[in-house]
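Structure first, then comments.
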Amino acid sequence: MGQSSSTAAVVSRRDSNLSHRFKFKSSFSSSSPIKGSDDFVVEDFMVVEAPDYISDLPDECLAVIFQSLSSADRKRSSLVCRRWLMIEGQSRHRLSLNAQGDLLLRVPKLFTRFDSVTKLALKCERRSTSIGDEALEMISLRCRNLTRLKLRSCREITDAGMEAFAKNCRSLKKLSCGSCNFGAKGMNAILNNCASLEELSVKRLRGITDGAAAEPIGPGLAASSLKTICLKELYNGQCFGPLIIGSKNLRTLKLFRCSGDWDKVLRVIPDRVSGLVEIHLERLQVSDAGLTALSTCLSLEILHLVKTPECTNFGLTLVAEQCKLLRKLHIDGWKANHIGDDGLIAVAKHCPNLQELVLIGVNPTKISLETLASNCQNLERLALCGSDTVGDAEISCIAAKCMALKKLCIKSCLVSDEGMKALATGCPNLVKVKVKKCRGVTCDGAEWLRASRGSLAVNLDSGEVELQDANASDGGGGGVQAGLNQMPPVAPSIAGGSRSTARSTSFKARLGLLNGRGIVACTLRRWSSGNGGSQS
């Protein structure tokens, strides 16, 4: 009555994987069958695991998966097996290393595994000894396809090391170096050998000789391909003048806190460079003479003037009259009152494409703001910070005139709840409002504005008024720029949300209201004094 014997048949795609898939084989055999209640006989039985589809994936597919993971997940995944370790290393194109001196001994093994790196960052702590010329040359020999290099505090690298690197990595497209000690010879070696260089960022390069003996930098072979030059905190940055002037295809020029007279360099730029689109000038010795020269850059779209007290309404007017494609304008007047209504009215009349305006330490009146709102119909982002003349009347004018405005940032201005009420009915496209250190704006006013416009995000921070300090060196605009682009909630904050989060939002609003009025602090002090009296 027994059944015939049956054996589980398994077909494997790879015969080499059969030994891994057959995990268990029972000791039952045909010589000693076991009968069950239904006289079922088990003679030979084999248990097989499910197919391992991950192992069947091609290396290229695994590489794509690794590239979508975070750095921490890639490290953990590479420990699964030797195959994954190899594929993860070969598919990694971006690598950041601690560039201390002992890295020299690990370079051969590291770049044997990571042999496809094209973007490399070498960073060393300021108090540590960094890698030197030998390590940099060894890295360049193993990464000849390197396109991006970032050096931070690698003080042991000299001109000789940079020259060796430049000869081995001729495909370099982006170089960023900060707090390094090599000088003009090393920089010229890069410019003469890396003909594809597109972006150059230099910060605190200590090897540049001071005074008239300074060796000029550039232009070199890279001058024809350079599109972005950023110079920060250089004591003798004018030695980069030949490079700036010789870069005919330059589109972005950023100069931050570089000593010396820059008017001389700016005067020559328009005759050699005609395609400048973006210019950042921060804490420079630049006057209206420099702005007059820049006004001939007819393709200029973005201009940042941060803490340049010698720039006045005259220079800004010339720029506005000639650079009619201007889209973004950031001005930090540093409370000097050299730029005001006259310059802003010129911008309003001649730059109809203006989309973003940031005014810090500038005192515009209702006259200039009304002209800007009426003529610049595409104005979407506006920031008014540290102004002694911006009050409820000016905010009401903006609310009534700026139809395209989406983001508004008000900081340390004479605005009250009346200004918030004006925003409730104006600016139909307004999405975000950030109010910071405006003593006249209360939590009740912000809550009322949010309730009036449920889709509007209102962020309120009623702190002490401080002197505004706009630092544009880390991306342009500092905290104000973050307010325009992201405007994160700052406690106590009141932000518009969906109906599902209305209860939570209401609770946070009440808590912020209590905090703003100091009730919580007073109550805690009373409790503390009461407990102290009872114990005595």
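A note on labels: chains of the structure tokens are A, B, ... as shown, every chain counts residues from 1, and ligands are counted from 1 in their shown order.
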**Test item: residues at most 9 Å from Leu382 of chain A, only C-alpha atoms, excluding those fewer than 3 positions along its chain, as a VMD selection string** = chain A and resid 355 to 359 379 405 to 410 484
Just write the chosen residues, all heavy atoms, as a short mmCIF file (atom, residue, chain, number, x, y, z; two decimals), in the first residue's frame.
```
data_model
loop_
_atom_site.label_atom_id
_atom_site.label_comp_id
_atom_site.auth_asym_id
_atom_site.auth_seq_id
_atom_site.Cartn_x
_atom_site.Cartn_y
_atom_site.Cartn_z
N GLN A 355 14.63 89.11 -9.46
CA GLN A 355 13.86 88.06 -8.79
C GLN A 355 14.17 87.96 -7.30
O GLN A 355 13.33 87.51 -6.52
CB GLN A 355 14.13 86.71 -9.44
CG GLN A 355 13.71 86.62 -10.89
CD GLN A 355 14.06 85.27 -11.51
OE1 GLN A 355 14.69 84.43 -10.87
NE2 GLN A 355 13.67 85.07 -12.75
N GLU A 356 15.38 88.36 -6.91
CA GLU A 356 15.79 88.21 -5.50
C GLU A 356 16.52 89.48 -5.07
O GLU A 356 17.46 89.93 -5.73
CB GLU A 356 16.68 86.99 -5.34
CG GLU A 356 17.17 86.76 -3.91
CD GLU A 356 17.94 85.46 -3.78
OE1 GLU A 356 17.39 84.41 -4.20
OE2 GLU A 356 19.07 85.48 -3.29
N LEU A 357 16.10 90.04 -3.93
CA LEU A 357 16.71 91.26 -3.40
C LEU A 357 16.92 91.08 -1.90
O LEU A 357 15.98 90.80 -1.16
CB LEU A 357 15.82 92.47 -3.67
CG LEU A 357 16.30 93.81 -3.09
CD1 LEU A 357 17.64 94.20 -3.71
CD2 LEU A 357 15.26 94.90 -3.31
N VAL A 358 18.17 91.24 -1.47
CA VAL A 358 18.54 91.15 -0.06
C VAL A 358 19.19 92.46 0.34
O VAL A 358 20.20 92.86 -0.23
CB VAL A 358 19.50 89.96 0.20
CG1 VAL A 358 19.94 89.95 1.67
CG2 VAL A 358 18.84 88.65 -0.15
N LEU A 359 18.61 93.13 1.32
CA LEU A 359 19.12 94.40 1.81
C LEU A 359 19.42 94.27 3.30
O LEU A 359 18.52 94.03 4.11
CB LEU A 359 18.10 95.52 1.58
CG LEU A 359 17.69 95.79 0.12
CD1 LEU A 359 16.63 96.87 0.05
CD2 LEU A 359 18.90 96.16 -0.71
N LEU A 379 9.75 89.87 -8.87
CA LEU A 379 10.40 89.77 -7.57
C LEU A 379 9.72 88.68 -6.73
O LEU A 379 8.55 88.81 -6.36
CB LEU A 379 10.35 91.11 -6.84
CG LEU A 379 11.17 91.21 -5.56
CD1 LEU A 379 12.65 91.01 -5.85
CD2 LEU A 379 10.93 92.56 -4.87
N LEU A 405 5.67 87.92 -5.09
CA LEU A 405 6.51 87.59 -3.95
C LEU A 405 6.11 86.25 -3.33
O LEU A 405 4.93 86.02 -3.05
CB LEU A 405 6.43 88.69 -2.89
CG LEU A 405 7.50 88.67 -1.80
CD1 LEU A 405 8.87 88.91 -2.40
CD2 LEU A 405 7.20 89.70 -0.72
N LYS A 406 7.12 85.38 -3.12
CA LYS A 406 6.88 84.06 -2.53
C LYS A 406 7.51 83.90 -1.15
O LYS A 406 6.96 83.21 -0.31
CB LYS A 406 7.41 82.97 -3.47
CG LYS A 406 6.69 82.87 -4.80
CD LYS A 406 7.26 81.73 -5.64
CE LYS A 406 6.52 81.63 -6.97
NZ LYS A 406 7.06 80.52 -7.81
N LYS A 407 8.68 84.53 -0.95
CA LYS A 407 9.38 84.38 0.32
C LYS A 407 9.80 85.76 0.81
O LYS A 407 10.40 86.54 0.08
CB LYS A 407 10.61 83.49 0.16
CG LYS A 407 10.27 82.07 -0.27
CD LYS A 407 11.52 81.22 -0.43
CE LYS A 407 11.15 79.81 -0.89
NZ LYS A 407 12.35 78.96 -1.06
N LEU A 408 9.49 86.02 2.09
CA LEU A 408 9.79 87.31 2.70
C LEU A 408 10.50 87.08 4.03
O LEU A 408 10.03 86.31 4.87
CB LEU A 408 8.51 88.11 2.92
CG LEU A 408 8.65 89.45 3.65
CD1 LEU A 408 9.54 90.41 2.85
CD2 LEU A 408 7.29 90.07 3.92
N CYS A 409 11.63 87.75 4.21
CA CYS A 409 12.39 87.67 5.45
C CYS A 409 12.55 89.08 6.02
O CYS A 409 13.04 89.98 5.34
CB CYS A 409 13.77 87.04 5.20
SG CYS A 409 14.80 86.93 6.68
N ILE A 410 12.12 89.26 7.28
CA ILE A 410 12.21 90.55 7.96
C ILE A 410 12.97 90.33 9.26
O ILE A 410 12.58 89.50 10.09
CB ILE A 410 10.82 91.12 8.26
CG1 ILE A 410 9.95 91.13 7.01
CG2 ILE A 410 10.93 92.52 8.86
CD1 ILE A 410 8.50 91.48 7.26
N LEU A 484 15.91 82.74 2.97
CA LEU A 484 15.21 82.85 1.70
C LEU A 484 15.01 81.50 1.06
O LEU A 484 13.96 81.21 0.48
CB LEU A 484 16.00 83.76 0.76
CG LEU A 484 15.93 85.26 1.07
CD1 LEU A 484 16.83 86.03 0.13
CD2 LEU A 484 14.51 85.78 0.98
#
```
**Request:** Once DSSP has gone over the backbone, tell me which residues of segment 260-483 of chain A are in helix (DSSP H, G or I), as a PyMOL selection string.
**Result:** chain A and resi 263-272+288-294+313-322+341-350+366-375+392-401+417-425+443-452+478-483
Please, could you write that set of residues out with C-alpha atoms as a compact mmCIF listing (two decimals), in the first residue's frame?
```txt
# COMPACT_ATOMS: atom_id res chain seq x y z
CA ASP A 263 39.84 98.63 -8.31
CA LYS A 264 42.93 98.23 -10.50
CA VAL A 265 42.09 94.60 -11.27
CA LEU A 266 38.40 95.29 -11.83
CA ARG A 267 39.16 98.08 -14.30
CA VAL A 268 40.90 95.65 -16.66
CA ILE A 269 38.38 92.80 -16.44
CA PRO A 270 35.72 94.13 -18.87
CA ASP A 271 38.25 94.52 -21.68
CA ARG A 272 39.34 90.87 -21.43
CA ASP A 288 32.64 103.24 -7.32
CA ALA A 289 35.56 103.08 -9.77
CA GLY A 290 35.44 99.29 -9.60
CA LEU A 291 31.65 99.26 -9.96
CA THR A 292 31.94 101.58 -12.94
CA ALA A 293 34.20 99.03 -14.63
CA LEU A 294 31.87 96.16 -13.77
CA ASN A 313 24.53 105.02 -4.94
CA PHE A 314 26.55 106.36 -7.85
CA GLY A 315 28.28 103.05 -8.58
CA LEU A 316 25.10 101.02 -8.07
CA THR A 317 23.21 103.31 -10.44
CA LEU A 318 25.80 102.78 -13.19
CA VAL A 319 25.58 99.01 -12.74
CA ALA A 320 21.77 99.10 -12.87
CA GLU A 321 21.69 101.24 -16.02
CA GLN A 322 24.00 98.92 -17.95
CA ASP A 341 16.81 105.11 -2.19
CA ASP A 342 18.67 106.56 -5.19
CA GLY A 343 20.53 103.37 -6.00
CA LEU A 344 17.49 101.16 -5.38
CA ILE A 345 15.25 103.31 -7.56
CA ALA A 346 17.78 102.98 -10.39
CA VAL A 347 17.69 99.20 -9.95
CA ALA A 348 13.89 99.27 -10.04
CA LYS A 349 13.80 101.32 -13.25
CA HIS A 350 16.44 99.45 -15.25
CA LYS A 366 8.54 103.58 1.11
CA ILE A 367 9.47 105.50 -2.05
CA SER A 368 12.15 103.07 -3.25
CA LEU A 369 10.28 99.97 -2.06
CA GLU A 370 7.14 101.05 -3.91
CA THR A 371 9.14 101.64 -7.09
CA LEU A 372 10.77 98.23 -6.77
CA ALA A 373 7.42 96.53 -6.19
CA SER A 374 5.79 98.30 -9.13
CA ASN A 375 8.56 97.85 -11.72
CA ASP A 392 4.51 98.80 9.01
CA ALA A 393 3.97 101.31 6.19
CA GLU A 394 6.76 99.76 4.11
CA ILE A 395 5.48 96.22 4.74
CA SER A 396 1.97 97.32 3.77
CA CYS A 397 3.37 98.75 0.53
CA ILE A 398 5.12 95.45 -0.22
CA ALA A 399 1.95 93.50 0.54
CA ALA A 400 -0.08 95.65 -1.82
CA LYS A 401 2.39 95.83 -4.71
CA ASP A 417 1.55 93.22 14.27
CA GLU A 418 -0.01 95.81 11.96
CA GLY A 419 2.51 94.85 9.30
CA MET A 420 1.60 91.18 9.75
CA LYS A 421 -2.07 92.04 9.23
CA ALA A 422 -1.20 93.71 5.92
CA LEU A 423 0.42 90.48 4.73
CA ALA A 424 -2.81 88.60 5.42
CA THR A 425 -4.53 90.19 2.45
CA CYS A 443 3.15 85.58 18.89
CA ASP A 444 -0.51 86.65 18.72
CA GLY A 445 0.15 88.56 15.51
CA ALA A 446 2.02 85.68 13.93
CA GLU A 447 -0.70 83.23 14.99
CA TRP A 448 -3.36 85.50 13.54
CA LEU A 449 -1.49 85.68 10.23
CA ARG A 450 -1.17 81.93 10.09
CA ALA A 451 -4.84 81.46 10.88
CA SER A 452 -5.81 83.97 8.19
CA GLY A 478 24.72 83.54 5.41
CA GLY A 479 21.64 83.27 7.59
CA VAL A 480 19.61 85.53 5.34
CA GLN A 481 20.26 83.29 2.35
CA ALA A 482 19.19 80.28 4.40
CA GLY A 483 16.06 82.17 5.33
```
**Request:** Write out as a list in words each polymer residue whose atoms come within 10 Å of Ile139 of chain A, counting only C-alpha atoms; drop sequence neighbours fewer than 4 positions from it.
**Result:**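 In the requested format, the answer is Leu104, Val107, Pro108, Leu110, Phe111, Leu120, Asp133, Glu134, Ala135, Cys143, Arg144, Leu146, Phe165, Asn168 and Cys169 of chain A.
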Selection export as a PDB file, in the first residue's frame, atoms kept: N, CA and C atoms:
```pdb
ATOM      1  N   LEU A 104      50.700  58.016   4.422  1.00  0.00           N
ATOM      2  CA  LEU A 104      51.671  57.607   3.415  1.00  0.00           C
ATOM      3  C   LEU A 104      51.816  56.099   3.344  1.00  0.00           C
ATOM      4  N   VAL A 107      48.690  54.395   1.543  1.00  0.00           N
ATOM      5  CA  VAL A 107      48.299  54.803   0.193  1.00  0.00           C
ATOM      6  C   VAL A 107      48.277  53.636  -0.794  1.00  0.00           C
ATOM      7  N   PRO A 108      49.310  52.767  -0.845  1.00  0.00           N
ATOM      8  CA  PRO A 108      49.267  51.678  -1.843  1.00  0.00           C
ATOM      9  C   PRO A 108      48.052  50.775  -1.688  1.00  0.00           C
ATOM     10  N   LEU A 110      45.170  51.424  -0.065  1.00  0.00           N
ATOM     11  CA  LEU A 110      43.922  52.162  -0.250  1.00  0.00           C
ATOM     12  C   LEU A 110      43.569  52.306  -1.720  1.00  0.00           C
ATOM     13  N   PHE A 111      44.542  52.730  -2.513  1.00  0.00           N
ATOM     14  CA  PHE A 111      44.232  53.009  -3.909  1.00  0.00           C
ATOM     15  C   PHE A 111      44.385  51.788  -4.798  1.00  0.00           C
ATOM     16  N   LEU A 120      38.571  63.474  -4.926  1.00  0.00           N
ATOM     17  CA  LEU A 120      39.345  63.156  -3.728  1.00  0.00           C
ATOM     18  C   LEU A 120      39.434  64.386  -2.828  1.00  0.00           C
ATOM     19  N   ASP A 133      54.868  65.863   0.204  1.00  0.00           N
ATOM     20  CA  ASP A 133      54.984  65.737  -1.251  1.00  0.00           C
ATOM     21  C   ASP A 133      55.006  64.286  -1.713  1.00  0.00           C
ATOM     22  N   GLU A 134      55.665  63.417  -0.957  1.00  0.00           N
ATOM     23  CA  GLU A 134      55.790  62.019  -1.364  1.00  0.00           C
ATOM     24  C   GLU A 134      54.437  61.346  -1.446  1.00  0.00           C
ATOM     25  N   ALA A 135      53.588  61.570  -0.425  1.00  0.00           N
ATOM     26  CA  ALA A 135      52.264  60.952  -0.428  1.00  0.00           C
ATOM     27  C   ALA A 135      51.392  61.504  -1.546  1.00  0.00           C
ATOM     28  N   CYS A 143      45.910  57.750  -9.240  1.00  0.00           N
ATOM     29  CA  CYS A 143      44.625  58.373  -9.593  1.00  0.00           C
ATOM     30  C   CYS A 143      44.838  59.349 -10.750  1.00  0.00           C
ATOM     31  N   ARG A 144      45.263  58.841 -11.855  1.00  0.00           N
ATOM     32  CA  ARG A 144      45.549  59.708 -12.994  1.00  0.00           C
ATOM     33  C   ARG A 144      44.277  60.281 -13.615  1.00  0.00           C
ATOM     34  N   LEU A 146      41.854  61.624 -11.937  1.00  0.00           N
ATOM     35  CA  LEU A 146      41.256  62.508 -10.942  1.00  0.00           C
ATOM     36  C   LEU A 146      40.741  63.790 -11.606  1.00  0.00           C
ATOM     37  N   PHE A 165      52.124  66.494  -8.798  1.00  0.00           N
ATOM     38  CA  PHE A 165      50.703  66.145  -8.928  1.00  0.00           C
ATOM     39  C   PHE A 165      50.144  66.657 -10.254  1.00  0.00           C
ATOM     40  N   ASN A 168      50.930  64.514 -13.293  1.00  0.00           N
ATOM     41  CA  ASN A 168      50.297  63.191 -13.336  1.00  0.00           C
ATOM     42  C   ASN A 168      48.784  63.259 -13.502  1.00  0.00           C
ATOM     43  N   CYS A 169      48.156  64.327 -13.041  1.00  0.00           N
ATOM     44  CA  CYS A 169      46.690  64.444 -13.093  1.00  0.00           C
ATOM     45  C   CYS A 169      46.311  65.614 -13.992  1.00  0.00           C
TER      46      CYS A 169
END
```
**Request:** May I have the residues within 8 Å of segment 170-184 of chain A as an MDAnalysis selection string, using only C-alpha atoms and disregarding those fewer than 2 positions away in the same chain?
**Result:** chainID A and resid 144:159 162 166:168 186:188 193:209 215:217
**Prompt:** If you count only C-alpha atoms, which residues fall within 8 Å of segment 331-336 of chain A, apart from same-chain ones fewer than 6 positions away, as a PyMOL selection string?
**Reply:** chain A and resi 304-309+358-362+470
**Prompt:** Contacts of Leu456 of chain A at 7 Å or less, counting only C-alpha atoms, minus same-chain residues fewer than 4 places along, as a PyMOL selection string?
**Reply:** chain A and resi 430-432+450+496
**Prompt:** Leaving out Ser77 of chain A and any residue of its chain fewer than 3 positions from it, which residues lie within 12 Å of it when counting only C-alpha atoms, given as a ChimeraX atom specification?
**Reply:** /A:62-63,65-67,69-74,80-89
Just the selected residues (N, CA and C atoms), exported as a tab-separated table (two decimals), in the first residue's frame, please.
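Generated output (selection-v8.tsv):
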```
chain	number	residue	atom	x	y	z
A	62	LEU	N	25.22	45.64	-9.15
A	62	LEU	CA	25.62	45.87	-7.76
A	62	LEU	C	26.30	47.23	-7.60
A	63	ALA	N	27.10	47.61	-8.57
A	63	ALA	CA	27.78	48.90	-8.51
A	63	ALA	C	26.76	50.05	-8.49
A	65	ILE	N	23.71	49.87	-7.35
A	65	ILE	CA	23.08	49.84	-6.02
A	65	ILE	C	23.98	50.51	-4.99
A	66	PHE	N	25.26	50.21	-5.01
A	66	PHE	CA	26.20	50.80	-4.05
A	66	PHE	C	26.24	52.32	-4.18
A	67	GLN	N	26.15	52.82	-5.40
A	67	GLN	CA	26.25	54.26	-5.61
A	67	GLN	C	25.04	55.00	-5.07
A	69	LEU	N	23.68	54.26	-2.13
A	69	LEU	CA	23.71	54.13	-0.68
A	69	LEU	C	24.52	55.27	-0.07
A	70	SER	N	24.27	55.50	1.21
A	70	SER	CA	25.07	56.48	1.94
A	70	SER	C	26.45	55.91	2.22
A	71	SER	N	27.35	56.78	2.66
A	71	SER	CA	28.72	56.33	2.90
A	71	SER	C	28.78	55.26	3.97
A	72	ALA	N	28.02	55.42	5.04
A	72	ALA	CA	28.02	54.43	6.12
A	72	ALA	C	27.46	53.09	5.65
A	73	ASP	N	26.39	53.12	4.86
A	73	ASP	CA	25.80	51.88	4.36
A	73	ASP	C	26.74	51.18	3.38
A	74	ARG	N	27.48	51.95	2.61
A	74	ARG	CA	28.45	51.34	1.69
A	74	ARG	C	29.53	50.60	2.46
A	80	VAL	N	30.10	42.28	3.56
A	80	VAL	CA	29.29	41.06	3.40
A	80	VAL	C	30.14	39.92	2.84
A	81	CYS	N	30.89	40.17	1.80
A	81	CYS	CA	31.72	39.13	1.19
A	81	CYS	C	32.83	39.79	0.39
A	82	ARG	N	33.74	38.97	-0.10
A	82	ARG	CA	34.88	39.52	-0.85
A	82	ARG	C	34.44	40.14	-2.17
A	83	ARG	N	33.43	39.55	-2.78
A	83	ARG	CA	32.96	40.09	-4.05
A	83	ARG	C	32.38	41.49	-3.87
A	84	TRP	N	31.58	41.66	-2.83
A	84	TRP	CA	31.00	42.97	-2.57
A	84	TRP	C	32.09	43.97	-2.20
A	85	LEU	N	33.09	43.52	-1.47
A	85	LEU	CA	34.19	44.41	-1.11
A	85	LEU	C	34.91	44.91	-2.36
A	86	MET	N	35.13	44.02	-3.30
A	86	MET	CA	35.82	44.39	-4.53
A	86	MET	C	34.97	45.34	-5.38
A	87	ILE	N	33.68	45.02	-5.54
A	87	ILE	CA	32.81	45.85	-6.38
A	87	ILE	C	32.60	47.22	-5.75
A	88	GLU	N	32.45	47.26	-4.42
A	88	GLU	CA	32.26	48.54	-3.76
A	88	GLU	C	33.48	49.44	-3.95
A	89	GLY	N	34.66	48.86	-3.86
A	89	GLY	CA	35.87	49.66	-4.05
A	89	GLY	C	36.02	50.14	-5.48
```
**Message:** What's the separation between atom CA of Ser299 of chain A and atom CA of Ser274 of chain A, in Å to one decimal place?
**Reply:**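 Atom-to-atom, atom CA of Ser299 of chain A and atom CA of Ser274 of chain A are spaced 7.7 Å apart.
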**Item:** Selected residue of minimal separation from Ser295 of chain A among A:Leu97, A:Val458, A:Leu253, A:Leu276, counting only C-alpha atoms
**Value:** A:Leu276
**Asked** DSSP on the backbone: what in segment 56-108 of chain A comes out strand (DSSP E), as a list in words?
**Response**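 Selecting the strand (DSSP E) positions of segment 56-108 of chain A gives Arg94, Leu95, Ser96, Leu97 and Asn98 of chain A.
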